[in-house]
file coords-v6.json (JSON, N, CA and C atoms)
[["chain", "number", "residue", "atom", "x", "y", "z"],
["W", 1, "MET", "N", -10.49, 22.64, -14.52],
["W", 1, "MET", "CA", -11.85, 22.53, -14.05],
["W", 1, "MET", "C", -12.15, 21.08, -13.68],
["W", 2, "ARG", "N", -12.68, 20.88, -12.52],
["W", 2, "ARG", "CA", -13.03, 19.54, -12.07],
["W", 2, "ARG", "C", -14.38, 19.15, -12.65],
["W", 3, "ASP", "N", -14.39, 18.01, -13.32],
["W", 3, "ASP", "CA", -15.66, 17.57, -13.89],
["W", 3, "ASP", "C", -15.96, 16.10, -13.67],
["W", 4, "ALA", "N", -15.10, 15.40, -12.92],
["W", 4, "ALA", "CA", -15.34, 13.99, -12.60],
["W", 4, "ALA", "C", -15.99, 13.92, -11.22],
["W", 5, "ALA", "N", -17.17, 13.34, -11.17],
["W", 5, "ALA", "CA", -17.89, 13.25, -9.90],
["W", 5, "ALA", "C", -17.44, 12.03, -9.10],
["W", 6, "ILE", "N", -17.37, 12.21, -7.79],
["W", 6, "ILE", "CA", -17.12, 11.12, -6.85],
["W", 6, "ILE", "C", -18.22, 11.23, -5.80],
["W", 7, "ASN", "N", -19.05, 10.22, -5.71],
["W", 7, "ASN", "CA", -20.15, 10.24, -4.76],
["W", 7, "ASN", "C", -19.94, 9.17, -3.70],
["W", 8, "LEU", "N", -20.30, 9.51, -2.47],
["W", 8, "LEU", "CA", -20.22, 8.51, -1.41],
["W", 8, "LEU", "C", -21.23, 8.84, -0.32],
["W", 9, "ARG", "N", -21.57, 7.84, 0.44],
["W", 9, "ARG", "CA", -22.51, 7.99, 1.55],
["W", 9, "ARG", "C", -21.70, 7.92, 2.85],
["W", 10, "ALA", "N", -22.15, 8.71, 3.82],
["W", 10, "ALA", "CA", -21.48, 8.73, 5.12],
["W", 10, "ALA", "C", -22.53, 8.81, 6.21],
["W", 11, "LEU", "N", -22.13, 8.39, 7.39],
["W", 11, "LEU", "CA", -22.97, 8.58, 8.55],
["W", 11, "LEU", "C", -22.98, 10.07, 8.90],
["W", 12, "PRO", "N", -24.06, 10.56, 9.50],
["W", 12, "PRO", "CA", -24.10, 11.98, 9.87],
["W", 12, "PRO", "C", -22.91, 12.38, 10.75],
["W", 13, "GLU", "N", -22.51, 11.48, 11.66],
["W", 13, "GLU", "CA", -21.36, 11.79, 12.54],
["W", 13, "GLU", "C", -20.08, 11.95, 11.74],
["W", 14, "GLN", "N", -19.91, 11.11, 10.71],
["W", 14, "GLN", "CA", -18.72, 11.21, 9.87],
["W", 14, "GLN", "C", -18.73, 12.52, 9.09],
["W", 15, "ARG", "N", -19.89, 12.87, 8.53],
["W", 15, "ARG", "CA", -20.01, 14.12, 7.79],
["W", 15, "ARG", "C", -19.69, 15.31, 8.69],
["W", 16, "ASP", "N", -20.23, 15.28, 9.92],
["W", 16, "ASP", "CA", -20.00, 16.38, 10.85],
["W", 16, "ASP", "C", -18.53, 16.49, 11.23],
["W", 17, "LEU", "N", -17.88, 15.37, 11.44],
["W", 17, "LEU", "CA", -16.45, 15.36, 11.75],
["W", 17, "LEU", "C", -15.65, 15.97, 10.62],
["W", 18, "ILE", "N", -15.95, 15.55, 9.39],
["W", 18, "ILE", "CA", -15.25, 16.07, 8.21],
["W", 18, "ILE", "C", -15.51, 17.57, 8.07],
["W", 19, "ASP", "N", -16.75, 17.96, 8.24],
["W", 19, "ASP", "CA", -17.08, 19.38, 8.13],
["W", 19, "ASP", "C", -16.35, 20.21, 9.17],
["W", 20, "HIS", "N", -16.26, 19.71, 10.38],
["W", 20, "HIS", "CA", -15.57, 20.43, 11.45],
["W", 20, "HIS", "C", -14.08, 20.61, 11.10],
["W", 21, "ALA", "N", -13.45, 19.52, 10.67],
["W", 21, "ALA", "CA", -12.03, 19.59, 10.32],
["W", 21, "ALA", "C", -11.82, 20.53, 9.12],
["W", 22, "ALA", "N", -12.69, 20.44, 8.14],
["W", 22, "ALA", "CA", -12.57, 21.31, 6.96],
["W", 22, "ALA", "C", -12.69, 22.77, 7.37],
["W", 23, "GLN", "N", -13.64, 23.05, 8.24],
["W", 23, "GLN", "CA", -13.85, 24.43, 8.70],
["W", 23, "GLN", "C", -12.61, 24.96, 9.41],
["W", 24, "LEU", "N", -11.99, 24.12, 10.24],
["W", 24, "LEU", "CA", -10.78, 24.55, 10.96],
["W", 24, "LEU", "C", -9.66, 24.92, 9.99],
["W", 25, "LEU", "N", -9.63, 24.28, 8.82],
["W", 25, "LEU", "CA", -8.61, 24.58, 7.82],
["W", 25, "LEU", "C", -9.06, 25.61, 6.80],
["W", 26, "GLY", "N", -10.27, 26.11, 6.95],
["W", 26, "GLY", "CA", -10.78, 27.11, 6.01],
["W", 26, "GLY", "C", -11.10, 26.53, 4.65],
["W", 27, "LYS", "N", -11.50, 25.28, 4.63],
["W", 27, "LYS", "CA", -11.81, 24.60, 3.36],
["W", 27, "LYS", "C", -13.26, 24.16, 3.36],
["W", 28, "ASN", "N", -13.77, 23.91, 2.17],
["W", 28, "ASN", "CA", -15.10, 23.31, 2.10],
["W", 28, "ASN", "C", -14.95, 21.79, 2.17],
["W", 29, "ARG", "N", -16.07, 21.11, 2.37],
["W", 29, "ARG", "CA", -16.05, 19.66, 2.52],
["W", 29, "ARG", "C", -15.41, 18.97, 1.33],
["W", 30, "SER", "N", -15.79, 19.35, 0.13],
["W", 30, "SER", "CA", -15.25, 18.68, -1.07],
["W", 30, "SER", "C", -13.74, 18.84, -1.18],
["W", 31, "ASP", "N", -13.26, 20.06, -1.00],
["W", 31, "ASP", "CA", -11.81, 20.28, -1.09],
["W", 31, "ASP", "C", -11.07, 19.51, -0.02],
["W", 32, "PHE", "N", -11.61, 19.52, 1.21],
["W", 32, "PHE", "CA", -10.98, 18.80, 2.31],
["W", 32, "PHE", "C", -10.92, 17.30, 2.02],
["W", 33, "MET", "N", -12.05, 16.74, 1.59],
["W", 33, "MET", "CA", -12.11, 15.30, 1.33],
["W", 33, "MET", "C", -11.22, 14.90, 0.16],
["W", 34, "LEU", "N", -11.22, 15.70, -0.89],
["W", 34, "LEU", "CA", -10.39, 15.38, -2.05],
["W", 34, "LEU", "C", -8.91, 15.43, -1.69],
["W", 35, "GLU", "N", -8.52, 16.46, -0.93],
["W", 35, "GLU", "CA", -7.12, 16.56, -0.52],
["W", 35, "GLU", "C", -6.72, 15.39, 0.38],
["W", 36, "ALA", "N", -7.59, 15.06, 1.34],
["W", 36, "ALA", "CA", -7.29, 13.95, 2.26],
["W", 36, "ALA", "C", -7.19, 12.62, 1.51],
["W", 37, "ALA", "N", -8.13, 12.40, 0.59],
["W", 37, "ALA", "CA", -8.11, 11.15, -0.17],
["W", 37, "ALA", "C", -6.88, 11.06, -1.06],
["W", 38, "CYS", "N", -6.51, 12.16, -1.69],
["W", 38, "CYS", "CA", -5.31, 12.15, -2.54],
["W", 38, "CYS", "C", -4.04, 11.95, -1.72],
["W", 39, "ASP", "N", -3.96, 12.58, -0.55],
["W", 39, "ASP", "CA", -2.80, 12.38, 0.33],
["W", 39, "ASP", "C", -2.68, 10.90, 0.71],
["W", 40, "LYS", "N", -3.78, 10.30, 1.08],
["W", 40, "LYS", "CA", -3.76, 8.88, 1.46],
["W", 40, "LYS", "C", -3.40, 7.99, 0.28],
["W", 41, "ALA", "N", -3.96, 8.29, -0.90],
["W", 41, "ALA", "CA", -3.66, 7.50, -2.09],
["W", 41, "ALA", "C", -2.17, 7.57, -2.43],
["W", 42, "GLN", "N", -1.60, 8.77, -2.36],
["W", 42, "GLN", "CA", -0.16, 8.91, -2.64],
["W", 42, "GLN", "C", 0.67, 8.13, -1.63],
["W", 43, "ALA", "N", 0.29, 8.18, -0.36],
["W", 43, "ALA", "CA", 1.03, 7.45, 0.67],
["W", 43, "ALA", "C", 0.97, 5.95, 0.42],
["W", 44, "VAL", "N", -0.19, 5.44, 0.06],
["W", 44, "VAL", "CA", -0.33, 4.02, -0.22],
["W", 44, "VAL", "C", 0.54, 3.62, -1.40],
["W", 45, "LEU", "N", 0.51, 4.41, -2.46],
["W", 45, "LEU", "CA", 1.31, 4.09, -3.64],
["W", 45, "LEU", "C", 2.80, 4.16, -3.34],
["W", 46, "LEU", "N", 3.22, 5.18, -2.60],
["W", 46, "LEU", "CA", 4.64, 5.29, -2.27],
["W", 46, "LEU", "C", 5.09, 4.16, -1.37],
["W", 47, "ASP", "N", 4.23, 3.70, -0.48],
["W", 47, "ASP", "CA", 4.59, 2.57, 0.37],
["W", 47, "ASP", "C", 4.83, 1.31, -0.44],
["W", 48, "GLN", "N", 4.23, 1.23, -1.61],
["W", 48, "GLN", "CA", 4.37, 0.05, -2.45],
["W", 48, "GLN", "C", 5.61, 0.11, -3.33],
["W", 49, "VAL", "N", 6.11, 1.29, -3.64],
["W", 49, "VAL", "CA", 7.18, 1.39, -4.63],
["W", 49, "VAL", "C", 8.44, 2.10, -4.14],
["W", 50, "PHE", "N", 8.43, 2.73, -2.98],
["W", 50, "PHE", "CA", 9.58, 3.52, -2.56],
["W", 50, "PHE", "C", 9.90, 3.29, -1.09],
["W", 51, "PHE", "N", 11.16, 3.11, -0.80],
["W", 51, "PHE", "CA", 11.63, 3.18, 0.57],
["W", 51, "PHE", "C", 13.04, 3.73, 0.53],
["W", 52, "SER", "N", 13.41, 4.41, 1.57],
["W", 52, "SER", "CA", 14.69, 5.13, 1.62],
["W", 52, "SER", "C", 15.63, 4.44, 2.60],
["W", 53, "LEU", "N", 16.88, 4.27, 2.17],
["W", 53, "LEU", "CA", 17.90, 3.67, 3.02],
["W", 53, "LEU", "C", 19.16, 4.52, 2.95],
["W", 54, "ASP", "N", 19.88, 4.59, 4.08],
["W", 54, "ASP", "CA", 21.19, 5.24, 4.02],
["W", 54, "ASP", "C", 22.16, 4.28, 3.31],
["W", 55, "GLU", "N", 23.36, 4.75, 3.04],
["W", 55, "GLU", "CA", 24.30, 3.96, 2.23],
["W", 55, "GLU", "C", 24.62, 2.60, 2.85],
["W", 56, "ALA", "N", 24.84, 2.57, 4.15],
["W", 56, "ALA", "CA", 25.18, 1.30, 4.81],
["W", 56, "ALA", "C", 24.01, 0.32, 4.75],
["W", 57, "LYS", "N", 22.82, 0.80, 5.01],
["W", 57, "LYS", "CA", 21.64, -0.08, 4.95],
["W", 57, "LYS", "C", 21.38, -0.55, 3.52],
["W", 58, "PHE", "N", 21.64, 0.32, 2.55],
["W", 58, "PHE", "CA", 21.45, -0.08, 1.15],
["W", 58, "PHE", "C", 22.43, -1.21, 0.79],
["W", 59, "ARG", "N", 23.68, -1.10, 1.22],
["W", 59, "ARG", "CA", 24.66, -2.17, 0.96],
["W", 59, "ARG", "C", 24.23, -3.47, 1.62],
["W", 60, "GLN", "N", 23.74, -3.37, 2.85],
["W", 60, "GLN", "CA", 23.25, -4.56, 3.56],
["W", 60, "GLN", "C", 22.06, -5.16, 2.82],
["W", 61, "PHE", "N", 21.16, -4.32, 2.36],
["W", 61, "PHE", "CA", 19.97, -4.77, 1.63],
["W", 61, "PHE", "C", 20.37, -5.48, 0.34],
["W", 62, "THR", "N", 21.26, -4.88, -0.45],
["W", 62, "THR", "CA", 21.65, -5.51, -1.72],
["W", 62, "THR", "C", 22.43, -6.79, -1.48],
["W", 63, "ALA", "N", 23.21, -6.85, -0.40],
["W", 63, "ALA", "CA", 23.94, -8.08, -0.08],
["W", 63, "ALA", "C", 22.95, -9.20, 0.24],
["W", 64, "MET", "N", 21.88, -8.87, 0.95],
["W", 64, "MET", "CA", 20.86, -9.88, 1.26],
["W", 64, "MET", "C", 20.17, -10.36, -0.01],
["W", 65, "LEU", "N", 19.91, -9.44, -0.93],
["W", 65, "LEU", "CA", 19.28, -9.84, -2.19],
["W", 65, "LEU", "C", 20.20, -10.72, -3.03],
["W", 66, "ASP", "N", 21.48, -10.42, -3.00],
["W", 66, "ASP", "CA", 22.44, -11.16, -3.81],
["W", 66, "ASP", "C", 22.86, -12.49, -3.19],
["W", 67, "ALA", "N", 22.64, -12.66, -1.89],
["W", 67, "ALA", "CA", 23.06, -13.88, -1.20],
["W", 67, "ALA", "C", 22.19, -15.05, -1.64],
["W", 68, "PRO", "N", 22.76, -16.26, -1.65],
["W", 68, "PRO", "CA", 21.94, -17.44, -1.98],
["W", 68, "PRO", "C", 20.88, -17.63, -0.89],
["W", 69, "PRO", "N", 19.77, -18.20, -1.24],
["W", 69, "PRO", "CA", 18.72, -18.39, -0.23],
["W", 69, "PRO", "C", 19.16, -19.37, 0.85],
["W", 70, "ALA", "N", 18.68, -19.15, 2.05],
["W", 70, "ALA", "CA", 18.97, -20.06, 3.15],
["W", 70, "ALA", "C", 18.18, -21.35, 2.94],
["W", 71, "PRO", "N", 18.70, -22.47, 3.43],
["W", 71, "PRO", "CA", 17.96, -23.73, 3.31],
["W", 71, "PRO", "C", 16.57, -23.59, 3.92],
["W", 72, "ASN", "N", 15.59, -24.18, 3.25],
["W", 72, "ASN", "CA", 14.21, -24.11, 3.72],
["W", 72, "ASN", "C", 13.58, -25.48, 3.51],
["W", 73, "PRO", "N", 13.65, -26.33, 4.52],
["W", 73, "PRO", "CA", 13.14, -27.70, 4.37],
["W", 73, "PRO", "C", 11.67, -27.74, 3.97],
["W", 74, "GLY", "N", 10.86, -26.85, 4.51],
["W", 74, "GLY", "CA", 9.44, -26.84, 4.17],
["W", 74, "GLY", "C", 9.23, -26.54, 2.70],
["W", 75, "LEU", "N", 9.97, -25.59, 2.16],
["W", 75, "LEU", "CA", 9.86, -25.26, 0.75],
["W", 75, "LEU", "C", 10.37, -26.41, -0.11],
["W", 76, "GLU", "N", 11.44, -27.05, 0.34],
["W", 76, "GLU", "CA", 11.97, -28.19, -0.42],
["W", 76, "GLU", "C", 10.95, -29.32, -0.49],
["W", 77, "ARG", "N", 10.25, -29.60, 0.63],
["W", 77, "ARG", "CA", 9.21, -30.63, 0.62],
["W", 77, "ARG", "C", 8.08, -30.24, -0.33],
["W", 78, "LEU", "N", 7.68, -28.99, -0.27],
["W", 78, "LEU", "CA", 6.61, -28.51, -1.14],
["W", 78, "LEU", "C", 6.99, -28.64, -2.61],
["W", 79, "MET", "N", 8.20, -28.29, -2.95],
["W", 79, "MET", "CA", 8.64, -28.34, -4.34],
["W", 79, "MET", "C", 8.80, -29.79, -4.82],
["W", 80, "ALA", "N", 8.97, -30.73, -3.89],
["W", 80, "ALA", "CA", 9.12, -32.14, -4.26],
["W", 80, "ALA", "C", 7.78, -32.80, -4.56],
["W", 81, "VAL", "N", 6.69, -32.19, -4.16],
["W", 81, "VAL", "CA", 5.35, -32.76, -4.40],
["W", 81, "VAL", "C", 5.00, -32.58, -5.87],
["W", 82, "LYS", "N", 4.58, -33.68, -6.49],
["W", 82, "LYS", "CA", 4.17, -33.62, -7.90],
["W", 82, "LYS", "C", 2.83, -32.92, -8.01],
["W", 83, "ALA", "N", 2.68, -32.13, -9.04],
["W", 83, "ALA", "CA", 1.40, -31.48, -9.32],
["W", 83, "ALA", "C", 0.41, -32.57, -9.74],
["W", 84, "PRO", "N", -0.88, -32.38, -9.47],
["W", 84, "PRO", "CA", -1.87, -33.40, -9.81],
["W", 84, "PRO", "C", -1.81, -33.83, -11.27],
["W", 85, "TRP", "N", -1.50, -32.91, -12.14],
["W", 85, "TRP", "CA", -1.45, -33.26, -13.57],
["W", 85, "TRP", "C", -0.15, -33.97, -13.93],
["W", 86, "GLN", "N", 0.80, -34.06, -12.99],
["W", 86, "GLN", "CA", 2.04, -34.78, -13.22],
["W", 86, "GLN", "C", 2.09, -36.11, -12.46],
["W", 87, "ALA", "N", 1.06, -36.43, -11.71],
["W", 87, "ALA", "CA", 1.08, -37.60, -10.83],
["W", 87, "ALA", "C", 1.35, -38.90, -11.59],
["W", 88, "GLY", "N", 0.82, -39.06, -12.80],
["W", 88, "GLY", "CA", 1.04, -40.28, -13.55],
["W", 88, "GLY", "C", 2.34, -40.30, -14.32],
["W", 89, "ALA", "N", 3.05, -39.22, -14.35],
["W", 89, "ALA", "CA", 4.28, -39.14, -15.18],
["W", 89, "ALA", "C", 5.46, -39.74, -14.48]]
call {"tool": "encode", "arguments": {"input": "coords-v6.json", "output": "structure tokens"}}
result
Amino acid sequence: MRDAAINLRALPEQRDLIDHAAQLLGKNRSDFMLEAACDKAQAVLLDQVFFSLDEAKFRQFTAMLDAPPAPNPGLERLMAVKAPWQAGA
């Protein structure tokens, strides 16, 4: 049983668009919106934690991770700057 409320405000045009799409799928507004929001939330989360590679691409990816970093003069200059709290040291 659903008992957690989610409230939001929408423009009338947005509500009408959602209602039209929900009707085409034979759903009510709440079910349509909840399903759409959950689909988007899952996609966002998966984009942050999962990606798929074939075997060759996975080997290339792990080789890049294991390789020493390329020289980066800008980063070296940045790392050479003393922090303000170390300036007198």
call {"tool": "closest_atom_pairs", "arguments": {"input": "coords-v6.json", "of": "region 22-81 of chain W", "to": "region 1-10 of chain W", "cutoff": "12 Å", "atoms": "only C-alpha atoms", "output": "Markdown table"}}
result
| residue | atom | partner | partner_atom | distance |
| --- | --- | --- | --- | --- |
| W:Ser30 | CA | W:Ile6 | CA | 9.7 |
| W:Asp31 | CA | W:Arg2 | CA | 11.1 |
| W:Met33 | CA | W:Ile6 | CA | 10.5 |
| W:Leu34 | CA | W:Ile6 | CA | 9.3 |
| W:Ala37 | CA | W:Ile6 | CA | 11.2 |
call {"tool": "atom_distance", "arguments": {"input": "coords-v6.json", "atom1": "CA of Leu17 (chain W)", "atom2": "atom N of Phe32 (chain W)"}}
result
12.3 Å
call {"tool": "select_by_dssp", "arguments": {"input": "coords-v6.json", "residues": "chain W", "states": "helix (DSSP H, G or I)", "output": "PyMOL selection string"}}
result
chain W and resi 12-24+29-49+55-66+73-80+84-86
call {"tool": "atom_distance", "arguments": {"input": "coords-v6.json", "atom1": "CA of Ser52 (chain W)", "atom2": "CA of Lys40 (chain W)"}}
result
18.8 Å
call {"tool": "axis_aligned_box", "arguments": {"input": "coords-v6.json", "around": "region 42-60 of chain W", "padding_each_side": "4 Å", "output": "JSON"}}
result
{"center_x": 11.8, "center_y": 1.9, "center_z": 0.2, "size_x": 34.8, "size_y": 22.1, "size_z": 17.6}
call {"tool": "decode", "arguments": {"input": "coords-v6.json", "residues": "region 1-27 of chain W", "atoms": "C-alpha atoms", "output": "PDB file, in the first residue's frame"}}
result
ATOM      1  CA  MET W   1       0.000   0.000   0.000  1.00  0.00           C
ATOM      2  CA  ARG W   2       1.366   3.386  -0.964  1.00  0.00           C
ATOM      3  CA  ASP W   3       1.289   5.822   1.903  1.00  0.00           C
ATOM      4  CA  ALA W   4       4.122   8.288   1.222  1.00  0.00           C
ATOM      5  CA  ALA W   5       2.835  11.474  -0.387  1.00  0.00           C
ATOM      6  CA  ILE W   6       4.731  13.329  -3.108  1.00  0.00           C
ATOM      7  CA  ASN W   7       3.289  16.727  -3.956  1.00  0.00           C
ATOM      8  CA  LEU W   8       4.308  19.027  -6.769  1.00  0.00           C
ATOM      9  CA  ARG W   9       3.011  21.976  -8.733  1.00  0.00           C
ATOM     10  CA  ALA W  10       2.853  22.044 -12.516  1.00  0.00           C
ATOM     11  CA  LEU W  11       1.748  24.370 -15.235  1.00  0.00           C
ATOM     12  CA  PRO W  12      -1.654  23.484 -16.704  1.00  0.00           C
ATOM     13  CA  GLU W  13       0.055  22.626 -20.017  1.00  0.00           C
ATOM     14  CA  GLN W  14       2.402  20.214 -18.241  1.00  0.00           C
ATOM     15  CA  ARG W  15      -0.490  18.568 -16.411  1.00  0.00           C
ATOM     16  CA  ASP W  16      -2.423  18.210 -19.660  1.00  0.00           C
ATOM     17  CA  LEU W  17       0.583  16.693 -21.433  1.00  0.00           C
ATOM     18  CA  ILE W  18       1.077  14.179 -18.620  1.00  0.00           C
ATOM     19  CA  ASP W  19      -2.620  13.349 -18.546  1.00  0.00           C
ATOM     20  CA  HIS W  20      -2.684  12.796 -22.306  1.00  0.00           C
ATOM     21  CA  ALA W  21       0.326  10.460 -22.201  1.00  0.00           C
ATOM     22  CA  ALA W  22      -1.075   8.591 -19.196  1.00  0.00           C
ATOM     23  CA  GLN W  23      -4.402   8.136 -20.967  1.00  0.00           C
ATOM     24  CA  LEU W  24      -2.674   6.704 -24.050  1.00  0.00           C
ATOM     25  CA  LEU W  25      -1.065   4.076 -21.800  1.00  0.00           C
ATOM     26  CA  GLY W  26      -4.259   3.380 -19.877  1.00  0.00           C
ATOM     27  CA  LYS W  27      -2.820   4.742 -16.645  1.00  0.00           C
TER      28      LYS W  27
END
